[in-house]
>>> print(open('work_28.cif').read())   # mmCIF, C-alpha atoms
data_run
loop_
_atom_site.label_atom_id
_atom_site.label_comp_id
_atom_site.auth_asym_id
_atom_site.auth_seq_id
_atom_site.Cartn_x
_atom_site.Cartn_y
_atom_site.Cartn_z
CA MET A 438 310.54 9.72 140.04
CA LYS A 439 313.31 11.99 141.36
CA ASN A 440 312.14 15.35 142.71
CA ASN A 441 314.19 18.52 142.20
CA VAL A 442 313.51 22.12 143.11
CA ILE A 443 315.23 25.27 141.93
CA ILE A 444 314.80 28.03 144.50
CA VAL A 445 315.40 31.37 142.81
CA ALA A 446 316.75 34.09 145.08
CA GLY A 447 318.48 36.31 142.58
CA GLY A 448 316.85 39.53 143.78
CA LYS A 449 318.96 42.26 145.30
CA GLY A 450 316.03 43.37 147.45
CA LEU A 451 316.10 47.03 146.39
CA ARG A 452 312.39 47.44 147.19
CA MET A 453 312.81 46.63 150.88
CA GLY A 454 314.35 49.93 151.94
CA SER A 455 316.95 47.82 153.70
CA ASP A 456 320.54 46.88 153.03
CA LEU A 457 319.79 43.23 153.68
CA PRO A 458 318.35 41.45 150.60
CA LYS A 459 314.78 40.36 151.37
CA GLN A 460 315.44 36.63 151.20
CA PHE A 461 317.79 36.92 154.21
CA ILE A 462 315.45 38.89 156.47
CA PRO A 463 314.03 36.86 159.37
CA ILE A 464 310.29 36.22 159.74
CA GLY A 465 309.26 34.63 163.03
CA GLY A 466 312.96 34.43 163.90
CA LYS A 467 314.09 32.58 160.77
CA ALA A 468 315.40 33.86 157.41
CA VAL A 469 312.78 33.83 154.62
CA LEU A 470 315.01 31.64 152.46
CA MET A 471 315.47 29.03 155.18
CA ARG A 472 311.69 28.76 155.49
CA THR A 473 311.36 28.34 151.74
CA ILE A 474 313.98 25.58 151.67
CA GLU A 475 312.48 23.83 154.72
CA ALA A 476 309.07 23.60 153.06
CA PHE A 477 310.48 21.49 150.20
CA TYR A 478 312.63 19.42 152.55
CA HIS A 479 309.58 18.57 154.66
CA PHE A 480 307.72 17.61 151.47
CA ASP A 481 310.47 15.19 150.41
CA LYS A 482 313.64 14.58 152.45
CA ASP A 483 315.36 13.22 149.32
CA ILE A 484 314.55 16.17 147.05
CA ASN A 485 317.50 17.71 145.18
CA ILE A 486 317.47 21.36 146.30
CA ILE A 487 319.28 23.90 144.13
CA LEU A 488 319.50 27.43 145.46
CA VAL A 489 320.26 30.16 142.91
CA LEU A 490 322.00 33.11 144.56
CA PRO A 491 323.99 36.05 143.14
CA ALA A 492 327.69 35.33 143.58
CA SER A 493 327.95 38.40 145.83
CA HIS A 494 325.47 36.91 148.35
CA GLN A 495 326.87 33.42 148.62
CA GLU A 496 329.43 34.07 151.34
CA TYR A 497 326.82 35.81 153.48
CA TRP A 498 324.40 32.94 153.02
CA LYS A 499 326.98 30.34 154.06
CA GLU A 500 327.78 32.30 157.21
CA LEU A 501 324.07 32.65 157.97
CA CYS A 502 323.59 28.88 157.64
CA GLU A 503 326.55 28.23 159.93
CA SER A 504 325.44 30.66 162.60
CA HIS A 505 321.89 29.23 162.53
CA GLN A 506 323.10 25.62 162.26
CA PHE A 507 320.92 25.30 159.17
CA GLY A 508 321.77 21.83 157.91
CA ILE A 509 319.32 21.04 155.08
CA PRO A 510 321.48 19.88 152.16
CA HIS A 511 321.38 22.08 149.05
CA THR A 512 323.58 23.03 146.11
CA ILE A 513 324.25 26.64 145.18
CA ALA A 514 324.14 27.95 141.59
CA ASN A 515 325.03 31.46 140.44
CA GLY A 516 322.30 34.00 139.81
CA GLY A 517 322.04 35.40 136.27
CA GLU A 518 321.09 38.73 134.77
CA THR A 519 317.33 37.99 134.82
CA ARG A 520 315.12 35.34 136.40
CA PHE A 521 315.30 33.41 133.09
CA HIS A 522 319.09 33.23 133.29
CA SER A 523 319.01 32.31 136.98
CA VAL A 524 316.62 29.40 136.38
CA LYS A 525 318.74 28.25 133.45
CA ASN A 526 321.83 28.16 135.69
CA GLY A 527 319.91 26.12 138.26
CA LEU A 528 318.55 23.79 135.61
CA ALA A 529 322.10 22.87 134.56
CA LEU A 530 322.34 21.04 137.94
CA VAL A 531 319.16 19.00 137.37
CA GLU A 532 319.47 15.55 135.79
CA GLU A 533 316.06 13.93 135.54
CA GLY A 534 312.58 13.56 137.01
CA LEU A 535 310.38 16.45 138.08
CA VAL A 536 311.64 19.94 138.72
CA GLY A 537 309.86 22.70 140.62
CA VAL A 538 310.81 26.34 140.36
CA GLN A 539 310.08 28.31 143.50
CA ASP A 540 310.47 32.00 144.32
CA GLY A 541 312.99 32.24 147.16
CA VAL A 542 310.76 34.84 148.81
CA ARG A 543 307.68 32.57 149.04
CA PRO A 544 308.30 30.97 152.42
CA PHE A 545 304.76 29.80 153.21
CA ALA A 546 303.91 27.17 150.57
CA SER A 547 302.25 24.34 152.51
CA ILE A 548 303.43 20.77 152.15
CA GLU A 549 299.93 19.85 150.90
CA MET A 550 300.17 22.40 148.09
CA ILE A 551 303.71 21.38 147.11
CA GLN A 552 302.49 17.78 147.05
CA ARG A 553 299.53 18.77 144.86
CA CYS A 554 301.85 20.44 142.33
CA TYR A 555 304.34 17.55 142.12
CA ASP A 556 301.54 14.97 141.97
CA ALA A 557 299.87 16.73 139.04
CA ALA A 558 303.25 17.05 137.29
CA LYS A 559 303.46 13.27 137.07
CA LYS A 560 300.54 13.52 134.65
CA TYR A 561 301.00 16.94 133.01
CA PRO A 562 304.27 18.43 131.70
CA ALA A 563 303.67 21.89 133.24
CA VAL A 564 301.78 22.60 136.48
CA ILE A 565 301.24 25.89 138.31
CA PRO A 566 299.26 26.85 141.44
CA VAL A 567 296.75 29.68 141.04
CA ILE A 568 294.20 31.52 143.16
CA ASP A 569 291.11 33.59 142.34
CA SER A 570 291.12 37.38 142.45
CA THR A 571 289.09 38.84 145.31
CA ASP A 572 289.24 42.30 143.72
CA SER A 573 287.31 43.62 140.75
CA LEU A 574 289.67 43.95 137.77
CA ARG A 575 289.95 46.46 134.94
CA GLU A 576 291.94 46.31 131.73
CA MET A 577 293.65 49.44 130.38
CA ILE A 578 292.82 50.26 126.76
CA GLY A 579 295.21 52.78 125.31
CA GLY A 580 296.62 55.37 127.70
CA GLU A 581 293.63 56.53 129.79
CA LYS A 582 290.59 54.38 129.15
CA SER A 583 289.82 51.10 130.82
CA LYS A 584 287.06 48.51 130.93
CA ILE A 585 285.88 46.08 133.56
CA ILE A 586 286.85 42.46 132.97
CA ASP A 587 285.16 39.33 134.23
CA ARG A 588 287.24 38.44 137.27
CA SER A 589 285.80 34.93 137.42
CA LYS A 590 287.94 34.18 134.33
CA ILE A 591 291.20 35.48 135.84
CA ARG A 592 293.66 33.59 138.02
CA LEU A 593 296.62 34.94 140.01
CA VAL A 594 299.72 32.84 139.41
CA GLN A 595 301.95 31.53 142.23
CA THR A 596 304.88 29.14 142.57
CA PRO A 597 306.12 26.37 142.81
CA GLN A 598 305.66 25.75 139.09
CA VAL A 599 306.52 22.12 138.44
CA PHE A 600 307.65 20.51 135.19
CA HIS A 601 309.12 17.43 133.59
CA ALA A 602 312.80 18.27 133.85
CA ALA A 603 313.58 17.14 130.30
CA THR A 604 310.82 19.30 128.81
CA LEU A 605 311.77 22.36 130.86
CA LYS A 606 315.40 21.98 129.78
CA LYS A 607 314.26 21.95 126.15
CA ALA A 608 312.11 25.05 126.70
CA TYR A 609 315.04 26.86 128.30
CA LEU A 610 317.11 26.40 125.13
CA ALA A 611 315.02 29.30 123.74
CA ASP A 612 316.57 32.75 123.39
CA TYR A 613 315.61 35.10 126.22
CA ASN A 614 312.43 37.05 125.56
CA GLU A 615 310.90 39.81 127.69
CA THR A 616 307.51 38.06 127.74
CA PHE A 617 309.08 35.30 129.89
CA THR A 618 307.70 36.53 133.23
CA ASP A 619 307.60 33.06 134.75
CA ASP A 620 308.55 29.50 133.83
CA ALA A 621 305.09 28.61 132.58
CA SER A 622 305.43 31.36 129.96
CA VAL A 623 308.70 29.80 128.74
CA MET A 624 306.97 26.42 128.41
CA GLU A 625 303.94 28.02 126.77
CA ALA A 626 306.19 29.61 124.12
CA MET A 627 307.11 26.04 123.16
CA GLY A 628 303.41 25.21 122.70
CA ILE A 629 302.91 23.28 125.92
CA ASP A 630 299.59 23.56 127.80
CA ILE A 631 299.77 24.69 131.41
CA HIS A 632 297.82 22.70 133.99
CA LEU A 633 296.43 24.70 136.90
CA VAL A 634 296.09 23.47 140.48
CA LYS A 635 294.79 25.20 143.60
CA GLY A 636 297.20 27.67 145.21
CA GLU A 637 296.93 29.31 148.62
CA VAL A 638 296.25 32.89 149.73
CA THR A 639 298.94 32.51 152.37
CA ASN A 640 301.54 31.60 149.71
CA ILE A 641 302.61 35.25 149.43
CA LYS A 642 305.78 36.78 148.00
CA ILE A 643 307.77 38.87 150.47
CA THR A 644 308.70 42.02 148.54
CA THR A 645 307.82 45.01 150.74
CA PRO A 646 308.17 45.92 154.44
CA LEU A 647 304.40 45.39 154.78
CA ASP A 648 304.79 41.84 153.38
CA LEU A 649 307.23 41.12 156.22
CA LYS A 650 304.55 42.10 158.75
CA ILE A 651 301.96 40.04 156.90
CA GLY A 652 304.44 37.16 156.98
CA GLU A 653 304.73 37.48 160.76
CA ALA A 654 300.92 37.34 160.92
CA ILE A 655 300.91 34.18 158.77
CA CYS A 656 303.52 32.60 161.05
CA LEU A 657 301.32 33.26 164.07
CA THR A 658 297.99 32.29 162.53
CA CYS A 659 297.95 29.80 159.82
CA CYS A 660 300.00 26.70 160.21
CA THR A 661 301.50 24.65 163.01
CA ARG A 662 304.60 24.08 160.85
CA TYR A 663 305.65 27.73 161.24
CA MET B 299 280.63 71.14 146.93
CA LYS B 300 278.95 68.94 149.56
CA ASN B 301 280.68 65.62 150.26
CA ASN B 302 278.70 62.45 150.99
CA VAL B 303 279.81 58.88 151.57
CA ILE B 304 277.76 55.68 151.56
CA ILE B 305 279.48 53.03 153.65
CA VAL B 306 278.18 49.63 152.62
CA ALA B 307 278.21 47.02 155.38
CA GLY B 308 275.46 44.72 154.21
CA GLY B 309 277.54 41.55 154.52
CA LYS B 310 276.56 38.89 157.00
CA GLY B 311 280.18 37.83 157.40
CA LEU B 312 279.64 34.16 156.64
CA ARG B 313 283.21 33.73 155.44
CA MET B 314 284.75 34.68 158.79
CA GLY B 315 284.01 31.44 160.61
CA SER B 316 282.61 33.63 163.39
CA ASP B 317 279.16 34.59 164.58
CA LEU B 318 280.10 38.25 164.63
CA PRO B 319 279.77 39.90 161.19
CA LYS B 320 283.21 40.98 160.00
CA GLN B 321 282.50 44.71 160.05
CA PHE B 322 282.03 44.57 163.84
CA ILE B 323 285.20 42.66 164.66
CA PRO B 324 287.89 44.80 166.35
CA ILE B 325 291.27 45.42 164.74
CA GLY B 326 293.81 47.11 166.98
CA GLY B 327 291.10 47.41 169.61
CA LYS B 328 288.49 49.14 167.43
CA ALA B 329 285.67 47.73 165.26
CA VAL B 330 286.50 47.61 161.54
CA LEU B 331 283.44 49.75 160.72
CA MET B 332 284.40 52.47 163.20
CA ARG B 333 287.80 52.74 161.52
CA THR B 334 286.15 52.98 158.11
CA ILE B 335 283.83 55.78 159.29
CA GLU B 336 286.66 57.62 161.05
CA ALA B 337 288.74 57.76 157.88
CA PHE B 338 286.03 59.77 156.09
CA TYR B 339 285.35 61.96 159.11
CA HIS B 340 289.04 62.86 159.31
CA PHE B 341 289.01 63.67 155.59
CA ASP B 342 286.04 66.09 155.99
CA LYS B 343 284.36 66.80 159.35
CA ASP B 344 281.25 68.05 157.49
CA ILE B 345 280.85 64.99 155.26
CA ASN B 346 277.37 63.40 155.21
CA ILE B 347 278.01 59.80 156.31
CA ILE B 348 275.38 57.19 155.46
CA LEU B 349 275.92 53.73 156.85
CA VAL B 350 274.02 50.89 155.16
CA LEU B 351 273.41 48.01 157.58
CA PRO B 352 271.03 45.03 157.49
CA ALA B 353 268.04 45.80 159.75
CA SER B 354 269.03 42.83 161.91
CA HIS B 355 272.42 44.41 162.73
CA GLN B 356 271.31 47.92 163.55
CA GLU B 357 270.52 47.38 167.23
CA TYR B 358 273.87 45.69 167.80
CA TRP B 359 275.67 48.56 166.06
CA LYS B 360 273.97 51.20 168.17
CA GLU B 361 274.92 49.36 171.35
CA LEU B 362 278.50 49.01 170.11
CA CYS B 363 278.67 52.77 169.43
CA GLU B 364 277.31 53.56 172.89
CA SER B 365 279.64 51.22 174.72
CA HIS B 366 282.63 52.61 172.79
CA GLN B 367 281.41 56.22 173.04
CA PHE B 368 281.70 56.40 169.27
CA GLY B 369 280.26 59.81 168.48
CA ILE B 370 280.92 60.47 164.77
CA PRO B 371 277.54 61.55 163.32
CA HIS B 372 276.08 59.23 160.69
CA THR B 373 272.70 58.17 159.32
CA ILE B 374 271.71 54.53 159.00
CA ALA B 375 269.99 53.07 155.92
CA ASN B 376 268.67 49.53 155.52
CA GLY B 377 270.73 46.95 153.68
CA GLY B 378 269.19 45.40 150.57
CA GLU B 379 269.27 42.01 148.91
CA THR B 380 272.51 42.72 147.01
CA ARG B 381 275.18 45.42 147.12
CA PHE B 382 273.32 47.21 144.31
CA HIS B 383 270.15 47.41 146.41
CA SER B 384 272.09 48.49 149.51
CA VAL B 385 273.79 51.35 147.66
CA LYS B 386 270.46 52.39 146.18
CA ASN B 387 268.95 52.60 149.69
CA GLY B 388 271.86 54.75 150.84
CA LEU B 389 271.66 56.96 147.77
CA ALA B 390 268.06 57.86 148.65
CA LEU B 391 269.55 59.82 151.58
CA VAL B 392 271.96 61.83 149.40
CA GLU B 393 270.83 65.20 148.04
CA GLU B 394 273.62 66.77 146.02
CA GLY B 395 277.35 67.19 145.52
CA LEU B 396 279.84 64.32 145.42
CA VAL B 397 279.13 60.85 146.76
CA GLY B 398 281.67 58.19 147.59
CA VAL B 399 280.78 54.53 148.00
CA GLN B 400 283.04 52.69 150.39
CA ASP B 401 283.18 49.03 151.43
CA GLY B 402 282.48 48.92 155.16
CA VAL B 403 285.26 46.36 155.53
CA ARG B 404 287.99 48.61 154.07
CA PRO B 405 289.15 50.37 157.23
CA PHE B 406 292.59 51.54 156.06
CA ALA B 407 291.95 54.05 153.26
CA SER B 408 294.32 56.95 153.96
CA ILE B 409 293.05 60.53 154.11
CA GLU B 410 295.42 61.36 151.22
CA MET B 411 293.81 58.71 149.02
CA ILE B 412 290.26 59.70 149.95
CA GLN B 413 291.21 63.31 149.14
CA ARG B 414 292.66 62.18 145.79
CA CYS B 415 289.40 60.44 144.86
CA TYR B 416 287.11 63.33 145.83
CA ASP B 417 289.41 65.90 144.18
CA ALA B 418 289.37 63.99 140.89
CA ALA B 419 285.57 63.65 141.11
CA LYS B 420 285.25 67.43 140.88
CA LYS B 421 286.53 67.04 137.34
CA TYR B 422 285.32 63.57 136.31
CA PRO B 423 281.87 62.03 136.92
CA ALA B 424 283.20 58.64 138.06
CA VAL B 425 286.49 58.04 139.88
CA ILE B 426 287.94 54.82 141.30
CA PRO B 427 291.25 53.98 143.01
CA VAL B 428 293.27 51.12 141.50
CA ILE B 429 296.56 49.34 142.10
CA ASP B 430 298.83 47.22 139.91
CA SER B 431 298.94 43.44 140.16
CA THR B 432 302.15 42.08 141.64
CA ASP B 433 301.24 38.55 140.50
CA SER B 434 301.41 37.06 137.03
CA LEU B 435 297.87 36.64 135.69
CA ARG B 436 296.20 34.04 133.50
CA GLU B 437 292.85 34.06 131.76
CA MET B 438 290.72 30.92 131.60
CA ILE B 439 289.60 29.93 128.11
CA GLY B 440 286.82 27.40 128.22
CA GLY B 441 286.84 24.97 131.11
CA GLU B 442 290.47 23.83 131.40
CA LYS B 443 292.75 25.89 129.19
CA SER B 444 294.26 29.22 130.09
CA LYS B 445 296.68 31.77 128.66
CA ILE B 446 299.01 34.30 130.22
CA ILE B 447 297.81 37.90 130.04
CA ASP B 448 299.86 41.08 130.14
CA ARG B 449 299.63 42.12 133.78
CA SER B 450 300.91 45.62 133.02
CA LYS B 451 297.48 46.26 131.45
CA ILE B 452 295.46 45.05 134.46
CA ARG B 453 294.45 47.07 137.51
CA LEU B 454 292.92 45.82 140.77
CA VAL B 455 289.91 47.93 141.75
CA GLN B 456 289.42 49.35 145.26
CA THR B 457 287.04 51.78 146.95
CA PRO B 458 286.04 54.56 147.69
CA GLN B 459 284.54 55.02 144.25
CA VAL B 460 283.44 58.65 143.98
CA PHE B 461 280.78 60.13 141.70
CA HIS B 462 278.66 63.15 140.96
CA ALA B 463 275.61 62.36 143.09
CA ALA B 464 273.10 63.36 140.40
CA THR B 465 274.77 61.11 137.81
CA LEU B 466 275.03 58.13 140.16
CA LYS B 467 271.36 58.50 141.07
CA LYS B 468 270.49 58.38 137.36
CA ALA B 469 272.66 55.29 136.86
CA TYR B 470 270.97 53.55 139.81
CA LEU B 471 267.58 53.90 138.12
CA ALA B 472 268.69 50.94 135.98
CA ASP B 473 267.24 47.50 136.62
CA TYR B 474 269.54 45.27 138.62
CA ASN B 475 271.96 43.25 136.52
CA GLU B 476 274.41 40.57 137.65
CA THR B 477 277.32 42.30 135.93
CA PHE B 478 277.03 45.16 138.46
CA THR B 479 279.95 44.06 140.65
CA ASP B 480 280.76 47.58 141.78
CA ASP B 481 279.42 51.12 141.35
CA ALA B 482 281.74 51.91 138.48
CA SER B 483 280.17 49.07 136.52
CA VAL B 484 276.70 50.59 137.06
CA MET B 485 277.97 53.95 135.75
CA GLU B 486 279.76 52.26 132.87
CA ALA B 487 276.50 50.58 131.80
CA MET B 488 275.16 54.12 131.30
CA GLY B 489 278.09 54.91 128.98
CA ILE B 490 280.14 56.95 131.42
CA ASP B 491 283.96 56.73 131.35
CA ILE B 492 285.64 55.74 134.59
CA HIS B 493 288.61 57.82 135.73
CA LEU B 494 291.34 55.92 137.60
CA VAL B 495 293.44 57.30 140.44
CA LYS B 496 296.18 55.68 142.52
CA GLY B 497 294.97 53.30 145.23
CA GLU B 498 296.98 51.79 148.09
CA VAL B 499 298.18 48.25 148.83
CA THR B 500 297.22 48.76 152.48
CA ASN B 501 293.61 49.58 151.48
CA ILE B 502 292.60 45.93 151.92
CA LYS B 503 289.18 44.37 152.38
CA ILE B 504 288.75 42.38 155.60
CA THR B 505 287.01 39.17 154.52
CA THR B 506 288.92 36.27 156.09
CA PRO B 507 290.53 35.52 159.49
CA LEU B 508 293.93 36.03 157.85
CA ASP B 509 292.84 39.50 156.69
CA LEU B 510 292.18 40.38 160.34
CA LYS B 511 295.77 39.48 161.19
CA ILE B 512 297.04 41.43 158.20
CA GLY B 513 294.90 44.33 159.42
CA GLU B 514 296.59 44.17 162.81
CA ALA B 515 299.94 44.28 161.01
CA ILE B 516 298.82 47.34 159.03
CA CYS B 517 297.72 49.04 162.26
CA LEU B 518 301.16 48.48 163.75
CA THR B 519 303.22 49.35 160.71
CA CYS B 520 301.84 51.72 158.25
CA CYS B 521 300.20 54.84 159.53
CA THR B 522 300.32 56.99 162.63
CA ARG B 523 296.54 57.50 162.32
CA TYR B 524 295.89 53.89 163.31
#
>>> encode(input="work_28.cif", output="structure tokens")
Amino acid sequence: MKNNVIIVAGGKGLRMGSDLPKQFIPIGGKAVLMRTIEAFYHFDKDINIILVLPASHQEYWKELCESHQFGIPHTIANGGETRFHSVKNGLALVEEGLVGVQDGVRPFASIEMIQRCYDAAKKYPAVIPVIDSTDSLREMIGGEKSKIIDRSKIRLVQTPQVFHAATLKKAYLADYNETFTDDASVMEAMGIDIHLVKGEVTNIKITTPLDLKIGEAICLTCCTRY
Amino acid sequence: MKNNVIIVAGGKGLRMGSDLPKQFIPIGGKAVLMRTIEAFYHFDKDINIILVLPASHQEYWKELCESHQFGIPHTIANGGETRFHSVKNGLALVEEGLVGVQDGVRPFASIEMIQRCYDAAKKYPAVIPVIDSTDSLREMIGGEKSKIIDRSKIRLVQTPQVFHAATLKKAYLADYNETFTDDASVMEAMGIDIHLVKGEVTNIKITTPLDLKIGEAICLTCCTRY
């Protein structure tokens, strides 16, 4: 079955306190986005990689690839107004098989975890990696009050989220809705059950300057690939 | 009003893959537990600091303090079977005023945040610091199924949790119950509302080898105090 991945890097990186969008910032000497792309390439050298970038970032990205002799083949799609629209643009370039959707700023997904997600997606139409919460959790009730909730029932959601391409395409025919915070929620709105697999604590999203430092620590500590 | 803090370091550190319990491991050249104690000392030089340690760790700790010329005054209480029992042992050494309960393995609480918690506790009987979730969250329903939950309603709970000492002592007269995952939950069982204040993403718990690396990154990045 053909593997595809849509890597969503639509963010303008306003939270980084930096002019350079976060997906282009180097960790361990290599741009975050290059690490993200490499992870999927090492999982499957024949995977169809679609990178969704705002039109205004595409020239910069091409220059970055040239100057770093980054040669992993990928197609570029235009970023949309929201993540939903960006994924939809990427999905237009997918024909068949399985399709993963990955946050561009998650550079540390291991090959084993990517494999686990795509393997499960052969059996289930919608697969997402999750981890447990190590913190106690509370739920707000009204403006001020809150109550403790049973954290053993809660999972933190990561990416790649992997789907049957045909089913995801159908789900993305829906009108945009603010409750669509990830792709699983778009599938769920169509009545499809979401299958959970084991994620990884190191599979972090790089969104703040501290995350960049944590990313450096992950590069040094956790995996020979990095 | 007199300030007290119970620093709970009862853990045997089995998750660290190391013989040395995690609270004794150095970050940025200084044991985690020393950093935790220092934070409260810098907040209030007159604070009554009670450190709860398993009896089997106390000799090691005293030697560590001597060899590092660590001179911040503190009293040691014996660790109990669970966190509940450890806190109860510490609480026996508190007389009056406000009492914070802090995880021994949270070395990076800022003075500003500690101040915020103790200030709010002058007005409210039970105060805890919380942060938002940056991940999408799902709730398990039964064994396999799950549903997305509105993450804007969820808060991740940190420490120090700060209380009126007299009220916390009353709450700790309760019989031990497995739902007591933190001190706020013990207070809540007595019908007391929990007041939330702003926590900090850098106020992490050191429980895994990766956390140690993240801690080093926090030392280097985030605060001149470290």
>>> atom_distance(input="work_28.cif", atom1="CA of Asp572 in chain A", atom2="CA of Phe382 in chain B")
16.7 Å
>>> interface_residues(input="work_28.cif", of="chain B", to="chain A", cutoff="7 Å", atoms="only C-alpha atoms", output="PyMOL selection string")
chain B and resi 433-438+451-455+511-512+515
>>> atom_distance(input="work_28.cif", atom1="CA of Gln459 in chain B", atom2="CA of Pro352 in chain B")
21.4 Å
>>> resolve_selection(input="work_28.cif", expression="the PyMOL selection byres ((chain A and resi 600-603) around 8)", output="number ranges by chain")
A: 531-537, 558-559, 561-564, 598-599, 604-607
>>> atom_distance(input="work_28.cif", atom1="CA of Ala446 in chain A", atom2="CA of Ala529 in chain A")
16.3 Å
>>> residues_around(input="work_28.cif", residues="Ile509 in chain A", least_positions_apart="6", cutoff="8 Å", atoms="all atoms listed in the file", output="PyMOL selection string")
chain A and resi 474-475+478
>>> residues_around(input="work_28.cif", residues="Val489 in chain A", least_positions_apart="3", cutoff="6 Å", atoms="only C-alpha atoms", output="VMD selection string")
chain A and resid 445 to 446 513 to 516
>>> decode(input="work_28.cif", residues="range 330-350 of chain B", atoms="C-alpha atoms", output="mmCIF file, in the first residue's frame")
data_model
loop_
_atom_site.group_PDB
_atom_site.id
_atom_site.type_symbol
_atom_site.label_atom_id
_atom_site.label_comp_id
_atom_site.auth_asym_id
_atom_site.auth_seq_id
_atom_site.Cartn_x
_atom_site.Cartn_y
_atom_site.Cartn_z
ATOM 1 C CA VAL B 330 17.973 18.677 42.481
ATOM 2 C CA LEU B 331 16.847 18.799 46.123
ATOM 3 C CA MET B 332 19.254 21.604 47.009
ATOM 4 C CA ARG B 333 17.814 23.686 44.173
ATOM 5 C CA THR B 334 14.283 22.991 45.394
ATOM 6 C CA ILE B 335 15.173 24.071 48.950
ATOM 7 C CA GLU B 336 17.041 27.158 47.736
ATOM 8 C CA ALA B 337 14.016 28.409 45.810
ATOM 9 C CA PHE B 338 11.948 28.615 49.010
ATOM 10 C CA TYR B 339 14.812 30.085 51.022
ATOM 11 C CA HIS B 340 15.234 32.853 48.445
ATOM 12 C CA PHE B 341 11.484 33.512 48.601
ATOM 13 C CA ASP B 342 11.565 33.923 52.422
ATOM 14 C CA LYS B 343 14.756 33.605 54.493
ATOM 15 C CA ASP B 344 12.622 32.954 57.611
ATOM 16 C CA ILE B 345 10.519 30.167 56.103
ATOM 17 C CA ASN B 346 10.295 26.944 58.143
ATOM 18 C CA ILE B 347 11.603 24.275 55.743
ATOM 19 C CA ILE B 348 10.687 20.647 56.457
ATOM 20 C CA LEU B 349 12.274 18.041 54.237
ATOM 21 C CA VAL B 350 10.588 14.621 54.145
#
